[in-house]
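Enquirer: Contents are mmCIF, C-alpha atoms, pLDDT in the B column; chains and numbers go by the auth columns; file name my_file-v6.cif:
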data_data
loop_
_atom_site.group_PDB
_atom_site.id
_atom_site.type_symbol
_atom_site.label_atom_id
_atom_site.label_comp_id
_atom_site.label_asym_id
_atom_site.label_seq_id
_atom_site.Cartn_x
_atom_site.Cartn_y
_atom_site.Cartn_z
_atom_site.B_iso_or_equiv
_atom_site.auth_seq_id
_atom_site.auth_asym_id
ATOM 1 C CA ILE A 1 0.000 0.000 0.000 79.00 304 A
ATOM 2 C CA LEU A 2 2.785 2.382 0.918 87.00 305 A
ATOM 3 C CA TYR A 3 4.680 1.824 -2.338 90.00 306 A
ATOM 4 C CA ARG A 4 1.501 2.335 -4.346 90.00 307 A
ATOM 5 C CA LYS A 5 0.816 5.625 -2.581 90.00 308 A
ATOM 6 C CA ILE A 6 4.400 6.768 -3.099 93.00 309 A
ATOM 7 C CA ALA A 7 4.167 5.884 -6.803 92.00 310 A
ATOM 8 C CA ILE A 8 0.890 7.762 -7.291 90.00 311 A
ATOM 9 C CA ALA A 9 2.139 10.796 -5.364 92.00 312 A
ATOM 10 C CA SER A 10 5.333 10.756 -7.430 92.00 313 A
ATOM 11 C CA ILE A 11 3.306 10.693 -10.637 90.00 314 A
ATOM 12 C CA ALA A 12 1.305 13.705 -9.482 87.00 315 A
ATOM 13 C CA VAL A 13 4.373 15.656 -8.337 90.00 316 A
ATOM 14 C CA PHE A 14 7.169 14.776 -10.742 89.00 317 A
ATOM 15 C CA LEU A 15 5.290 14.237 -13.995 87.00 318 A
ATOM 16 C CA THR A 16 3.540 17.606 -14.120 87.00 319 A
ATOM 17 C CA GLU A 17 5.321 18.490 -17.370 87.00 320 A
ATOM 18 C CA ILE A 18 3.629 15.724 -19.371 88.00 321 A
ATOM 19 C CA ASN A 19 0.063 15.444 -20.593 89.00 322 A
ATOM 20 C CA ARG A 20 -2.665 14.723 -17.992 89.00 323 A
ATOM 21 C CA SER A 21 -3.839 11.758 -20.050 90.00 324 A
ATOM 22 C CA ILE A 22 -0.396 10.169 -19.820 92.00 325 A
ATOM 23 C CA GLN A 23 -0.336 10.818 -16.072 92.00 326 A
ATOM 24 C CA ALA A 24 -3.727 9.122 -15.718 92.00 327 A
ATOM 25 C CA LEU A 25 -2.588 6.146 -17.817 94.00 328 A
ATOM 26 C CA ILE A 26 0.524 5.705 -15.672 94.00 329 A
ATOM 27 C CA CYS A 27 -1.624 5.980 -12.541 95.00 330 A
ATOM 28 C CA PHE A 28 -4.047 3.403 -13.989 96.00 331 A
ATOM 29 C CA THR A 29 -1.107 1.066 -14.671 96.00 332 A
ATOM 30 C CA VAL A 30 0.185 1.460 -11.100 96.00 333 A
ATOM 31 C CA LEU A 31 -3.285 0.682 -9.728 96.00 334 A
ATOM 32 C CA TRP A 32 -3.654 -2.322 -12.039 97.00 335 A
ATOM 33 C CA VAL A 33 -0.300 -3.743 -10.926 96.00 336 A
ATOM 34 C CA ALA A 34 -1.268 -3.108 -7.286 96.00 337 A
ATOM 35 C CA PHE A 35 -4.574 -4.929 -7.848 96.00 338 A
ATOM 36 C CA MET A 36 -2.819 -7.917 -9.406 96.00 339 A
ATOM 37 C CA VAL A 37 -0.282 -8.046 -6.546 95.00 340 A
ATOM 38 C CA GLN A 38 -3.128 -7.795 -4.015 94.00 341 A
ATOM 39 C CA TYR A 39 -5.059 -10.543 -5.783 92.00 342 A
ATOM 40 C CA GLN A 40 -2.075 -12.905 -5.960 94.00 343 A
ATOM 41 C CA LEU A 41 -0.410 -12.310 -2.585 94.00 344 A
ATOM 42 C CA GLN A 42 -3.373 -11.584 -0.302 93.00 345 A
ATOM 43 C CA PRO A 43 -0.999 -9.745 2.086 92.00 346 A
ATOM 44 C CA PHE A 44 -3.371 -9.211 5.011 91.00 347 A
ATOM 45 C CA ASP A 45 -3.933 -11.898 7.607 89.00 348 A
ATOM 46 C CA ARG A 46 -7.718 -11.430 7.527 87.00 349 A
ATOM 47 C CA LYS A 47 -9.758 -12.262 4.452 90.00 350 A
ATOM 48 C CA LEU A 48 -12.061 -9.291 5.054 90.00 351 A
ATOM 49 C CA LEU A 49 -9.151 -6.842 4.793 89.00 352 A
ATOM 50 C CA ASN A 50 -7.872 -8.481 1.593 93.00 353 A
ATOM 51 C CA GLU A 51 -11.309 -8.236 0.002 94.00 354 A
ATOM 52 C CA MET A 52 -11.777 -4.656 1.118 94.00 355 A
ATOM 53 C CA GLU A 53 -8.408 -3.654 -0.360 95.00 356 A
ATOM 54 C CA ALA A 54 -9.184 -5.441 -3.632 96.00 357 A
ATOM 55 C CA ARG A 55 -12.562 -3.725 -3.885 96.00 358 A
ATOM 56 C CA ALA A 56 -11.014 -0.340 -3.113 96.00 359 A
ATOM 57 C CA LEU A 57 -8.501 -0.874 -5.906 97.00 360 A
ATOM 58 C CA LEU A 58 -11.268 -1.879 -8.322 97.00 361 A
ATOM 59 C CA VAL A 59 -13.206 1.284 -7.529 97.00 362 A
ATOM 60 C CA ALA A 60 -10.047 3.366 -8.021 96.00 363 A
ATOM 61 C CA LEU A 61 -9.497 1.648 -11.383 97.00 364 A
ATOM 62 C CA VAL A 62 -13.076 2.365 -12.492 97.00 365 A
ATOM 63 C CA THR A 63 -12.717 5.984 -11.387 96.00 366 A
ATOM 64 C CA ILE A 64 -9.427 6.523 -13.235 95.00 367 A
ATOM 65 C CA TYR A 65 -10.677 4.711 -16.363 96.00 368 A
ATOM 66 C CA CYS A 66 -13.875 6.755 -16.528 95.00 369 A
ATOM 67 C CA GLY A 67 -11.827 9.883 -15.840 93.00 370 A
ATOM 68 C CA LEU A 68 -9.651 9.010 -18.820 93.00 371 A
ATOM 69 C CA CYS A 69 -12.759 8.730 -20.964 93.00 372 A
ATOM 70 C CA PHE A 70 -13.843 12.191 -19.798 88.00 373 A
ATOM 71 C CA MET A 71 -10.677 13.607 -21.356 88.00 374 A
ATOM 72 C CA ILE A 72 -11.996 12.775 -24.831 87.00 375 A
ATOM 73 C CA ASP A 73 -13.126 16.065 -26.329 85.00 376 A
ATOM 74 C CA ASP A 74 -16.139 15.025 -28.385 90.00 377 A
ATOM 75 C CA LEU A 75 -18.130 13.020 -25.808 91.00 378 A
ATOM 76 C CA SER A 76 -21.886 13.405 -25.948 94.00 379 A
ATOM 77 C CA ARG A 77 -23.772 14.612 -22.900 94.00 380 A
ATOM 78 C CA ALA A 78 -25.358 11.161 -22.496 95.00 381 A
ATOM 79 C CA THR A 79 -21.943 9.453 -22.482 95.00 382 A
ATOM 80 C CA GLN A 80 -20.683 11.915 -19.891 94.00 383 A
ATOM 81 C CA LEU A 81 -23.683 11.133 -17.689 96.00 384 A
ATOM 82 C CA VAL A 82 -23.130 7.389 -18.048 96.00 385 A
ATOM 83 C CA LEU A 83 -19.477 7.760 -17.069 96.00 386 A
ATOM 84 C CA PHE A 84 -20.399 9.985 -14.140 96.00 387 A
ATOM 85 C CA PHE A 85 -22.951 7.471 -12.852 97.00 388 A
ATOM 86 C CA MET A 86 -20.468 4.617 -13.254 97.00 389 A
ATOM 87 C CA ILE A 87 -18.025 6.506 -11.033 97.00 390 A
ATOM 88 C CA LEU A 88 -20.772 7.420 -8.571 98.00 391 A
ATOM 89 C CA LEU A 89 -22.235 3.912 -8.342 98.00 392 A
ATOM 90 C CA ALA A 90 -18.822 2.272 -7.946 97.00 393 A
ATOM 91 C CA ASN A 91 -17.959 4.585 -5.058 97.00 394 A
ATOM 92 C CA ILE A 92 -21.375 4.178 -3.398 98.00 395 A
ATOM 93 C CA TRP A 93 -21.046 0.383 -3.758 97.00 396 A
ATOM 94 C CA PHE A 94 -17.705 0.456 -1.981 97.00 397 A
ATOM 95 C CA LEU A 95 -18.968 2.841 0.700 97.00 398 A
ATOM 96 C CA PHE A 96 -21.882 0.518 1.535 96.00 399 A
ATOM 97 C CA TYR A 97 -19.569 -2.486 1.593 95.00 400 A
ATOM 98 C CA TRP A 98 -17.146 -0.634 3.858 94.00 401 A
ATOM 99 C CA VAL A 99 -19.894 0.433 6.300 94.00 402 A
ATOM 100 C CA LEU A 100 -21.243 -3.117 6.425 91.00 403 A
ATOM 101 C CA ALA A 101 -17.796 -4.640 6.942 89.00 404 A
ATOM 102 C CA ILE A 102 -16.901 -2.170 9.677 89.00 405 A
ATOM 103 C CA SER A 103 -20.233 -2.616 11.440 86.00 406 A
ATOM 104 C CA VAL A 104 -19.632 -6.358 11.554 83.00 407 A
ATOM 105 C CA SER A 105 -15.934 -6.159 12.362 82.00 408 A
ATOM 106 C CA LEU A 106 -16.008 -3.569 15.163 81.00 409 A
ATOM 107 C CA PRO A 107 -18.115 -5.560 17.668 79.00 410 A
ATOM 108 C CA GLU A 108 -15.797 -8.545 17.192 78.00 411 A
ATOM 109 C CA LYS A 109 -12.735 -6.360 17.683 77.00 412 A
ATOM 110 C CA TYR A 110 -14.174 -4.845 20.867 73.00 413 A
ATOM 111 C CA ARG A 111 -15.134 -8.287 22.133 76.00 414 A
ATOM 112 C CA GLN A 112 -11.569 -9.509 21.685 80.00 415 A
ATOM 113 C CA HIS A 113 -9.583 -6.460 22.805 81.00 416 A
ATOM 114 C CA CYS A 114 -11.878 -4.724 25.317 80.00 417 A
ATOM 115 C CA PRO A 115 -14.096 -7.440 26.830 79.00 418 A
ATOM 116 C CA THR A 116 -15.171 -5.272 29.779 80.00 419 A
ATOM 117 C CA ILE A 117 -16.380 -2.444 27.543 77.00 420 A
ATOM 118 C CA TYR A 118 -18.008 -4.952 25.203 75.00 421 A
ATOM 119 C CA ARG A 119 -19.925 -6.652 28.044 77.00 422 A
ATOM 120 C CA SER A 120 -21.132 -3.347 29.476 78.00 423 A
ATOM 121 C CA LEU A 121 -22.219 -2.150 26.025 74.00 424 A
ATOM 122 C CA ILE A 122 -24.152 -5.361 25.342 74.00 425 A
ATOM 123 C CA THR A 123 -25.719 -5.158 28.794 77.00 426 A
ATOM 124 C CA GLN A 124 -26.864 -1.586 28.149 77.00 427 A
ATOM 125 C CA VAL A 125 -28.133 -2.299 24.634 75.00 428 A
ATOM 126 C CA PHE A 126 -30.020 -5.501 25.425 73.00 429 A
ATOM 127 C CA GLY A 127 -30.799 -4.813 29.075 70.00 430 A
ATOM 128 C CA ARG A 128 -29.424 -8.091 30.427 57.00 431 A
ATOM 129 C CA SER A 129 -26.086 -9.582 31.309 51.00 432 A
ATOM 130 C CA THR A 130 -23.930 -11.260 28.704 47.00 433 A
ATOM 131 C CA GLN A 131 -24.162 -14.586 30.524 50.00 434 A
ATOM 132 C CA GLN A 132 -27.806 -14.791 29.457 48.00 435 A
ATOM 133 C CA THR A 133 -28.607 -15.513 25.859 48.00 436 A
ATOM 134 C CA LEU A 134 -29.382 -12.563 23.663 46.00 437 A
ATOM 135 C CA PRO A 135 -32.937 -12.246 22.348 48.00 438 A
ATOM 136 C CA SER A 136 -33.475 -14.323 19.221 45.00 439 A
ATOM 137 C CA GLN A 137 -35.432 -11.597 17.441 43.00 440 A
ATOM 138 C CA THR A 138 -32.923 -8.788 17.755 44.00 441 A
ATOM 139 C CA LEU A 139 -32.314 -6.552 14.775 44.00 442 A
ATOM 140 C CA ILE A 140 -28.554 -6.678 15.283 46.00 443 A
ATOM 141 C CA ARG A 141 -26.820 -9.995 14.849 49.00 444 A
ATOM 142 C CA LEU A 142 -23.240 -10.011 16.052 51.00 445 A
ATOM 143 C CA VAL A 143 -21.253 -12.070 13.566 52.00 446 A
ATOM 144 C CA PRO A 144 -17.516 -12.688 13.808 56.00 447 A
ATOM 145 C CA ALA A 145 -15.666 -10.802 11.086 55.00 448 A
ATOM 146 C CA ASP A 146 -14.218 -13.983 9.556 57.00 449 A
ATOM 147 C CA GLU A 147 -17.702 -15.464 9.184 59.00 450 A
ATOM 148 C CA PHE A 148 -18.810 -12.235 7.467 53.00 451 A
ATOM 149 C CA ALA A 149 -15.868 -12.451 5.077 54.00 452 A
ATOM 150 C CA LYS A 150 -16.805 -16.042 4.157 58.00 453 A
ATOM 151 C CA LYS A 151 -20.369 -14.985 3.359 54.00 454 A
ATOM 152 C CA GLN A 152 -19.217 -11.971 1.345 53.00 455 A
ATOM 153 C CA SER A 153 -16.534 -13.667 -0.720 49.00 456 A
ATOM 154 C CA PHE A 154 -16.779 -13.757 -4.463 46.00 457 A
ATOM 155 C CA SER A 155 -15.083 -16.322 -6.629 42.00 458 A
ATOM 156 C CA HIS A 156 -13.035 -13.726 -8.535 44.00 459 A
ATOM 157 C CA PHE A 157 -11.455 -12.543 -5.277 44.00 460 A
ATOM 158 C CA THR A 158 -10.568 -15.974 -4.002 44.00 461 A
ATOM 159 C CA PRO A 159 -6.873 -16.908 -4.401 44.00 462 A
ATOM 160 C CA ARG A 160 -6.221 -19.824 -6.706 40.00 463 A
#
Could you rewrite the structure in this file as structure tokens?
Expert:
Amino acid sequence: ILYRKIAIASIAVFLTEINRSIQALICFTVLWVAFMVQYQLQPFDRKLLNEMEARALLVALVTIYCGLCFMIDDLSRATQLVLFFMILLANIWFLFYWVLAISVSLPEKYRQHCPTIYRSLITQVFGRSTQQTLPSQTLIRLVPADEFAKKQSFSHFTPR
């Protein structure tokens, strides 16, 4: 991640003399290589983090690619709108995925690292001690983050 950020920052800072389209193409290439490395190596120890990073890279690739298309001078208004909505939908998709992943991951993290705070929070939310079973019809189901990652995995993100 750090090398990718250094490469993209270097492109923005040191390649200001060349055309913006060339800068965007180099940036797209850096992101594509980063995506392929992420896909092959799966560097994080948790599957959820690997999938989140891969999805973030995909959204960045879609954004840069559509941005490159915007640089074409004779695009119709309809094509510009389609490109804009592709960028918007890709980013909204990732934002919803991120919120869902964090909302599932945070309770598990608190349960593991701050059990006292976790127990008091559960007691306040559900009005009973954690030794008792939680109500079966609660709106919030606390799922371990690894179980969430298994349910959310897609075949194209699974290492081969």
Enquirer: For A:Leu328, list every protein, DNA or RNA residue within 9 Å, evaluated using all atoms listed in the file, and leave out those in the same chain fewer than 4 positions away; present the list as a PyMOL selection string.
Expert: chain A and resi 323-324+332-333+367-368+371
Enquirer: Quick one: distance from atom CA of A:Met389 to atom CA of A:Leu403 in Å, one decimal?
Expert: 21.2 Å
Enquirer: Report the distance between atom CA of A:Leu391 and atom CA of A:Ser313 in Å, rounded to one decimal place.
Expert: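 Atom CA of A:Leu391 sits 26.3 Å away from atom CA of A:Ser313.
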Enquirer: What does the distance between atom CA of A:Tyr342 and atom CA of A:Glu356 come to in Å, to one decimal place?
Expert: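 Result for atom CA of A:Tyr342 versus atom CA of A:Glu356: 9.4 Å, one decimal.
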Enquirer: Please return as a PyMOL selection string every residue within 6 Å of (-16.2, 11.6, -19.4), taking into account all atoms listed in the file and the file's own coordinates.
Expert: chain A and resi 370+372-373+383+386
Enquirer: Around all listed atoms of stretch 309-323 of chain A, padded 5 Å per side, what centre and edge lengths does the axis-aligned box have in Å to one decimal, as lines of an AutoDock Vina configuration file?
Expert:
center_x = 2.3
center_y = 12.2
center_z = -11.8
size_x = 19.8
size_y = 22.6
size_z = 27.5
Enquirer: On this file, the PyMOL selection byres ((chain A and resi 360) around 8) gives some set of residues; write that set as a list in words.
Expert: Leu334, Trp335, Ala337, Phe338, Glu356, Ala357, Arg358, Ala359, Leu361, Val362, Ala363 and Leu364 of chain A
Enquirer: So, counting all atoms listed in the file, which residue among A:Ile405, A:Ile420, A:Val316, A:Cys369 is closest to A:Leu352?
Expert: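 Looking at the shortest contact to A:Leu352, the residue is A:Ile405.
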Enquirer: Find, counting only C-alpha atoms, the residue in A:Val385, A:Leu351, A:Val336, A:Ile390 that gets nearest to A:Ala310.
Expert: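 So, comparing all the options, the nearest one is A:Val336.
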Enquirer: Tell me, as a list in words, which residues lie within 10 Å of A:Ile314, counting all atoms listed in the file; anything in the same chain fewer than 4 positions away does not count.
Expert: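 The contact residues come out as Lys308, Ile309, Ala310, Leu318, Thr319, Ile325, Gln326, Ala327, Ile329, Cys330 and Val333 of chain A.
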Enquirer: Write out as a VMD selection string each polymer residue whose atoms come within 10 Å of A:Tyr421, counting all atoms listed in the file; drop sequence neighbours fewer than 5 positions from it.
Expert: chain A and resid 410 to 416 426 to 427 433
Enquirer: With C-alpha atoms retained, could you export that selection as a short mmCIF file (atom, residue, chain, number, x, y, z; two decimals), in the coordinates of the input?
Expert:
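Result file is again10.cif:
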data_model
loop_
_atom_site.label_atom_id
_atom_site.label_comp_id
_atom_site.auth_asym_id
_atom_site.auth_seq_id
_atom_site.Cartn_x
_atom_site.Cartn_y
_atom_site.Cartn_z
CA PRO A 410 -18.11 -5.56 17.67
CA GLU A 411 -15.80 -8.54 17.19
CA LYS A 412 -12.74 -6.36 17.68
CA TYR A 413 -14.17 -4.84 20.87
CA ARG A 414 -15.13 -8.29 22.13
CA GLN A 415 -11.57 -9.51 21.68
CA HIS A 416 -9.58 -6.46 22.80
CA THR A 426 -25.72 -5.16 28.79
CA GLN A 427 -26.86 -1.59 28.15
CA THR A 433 -23.93 -11.26 28.70
#
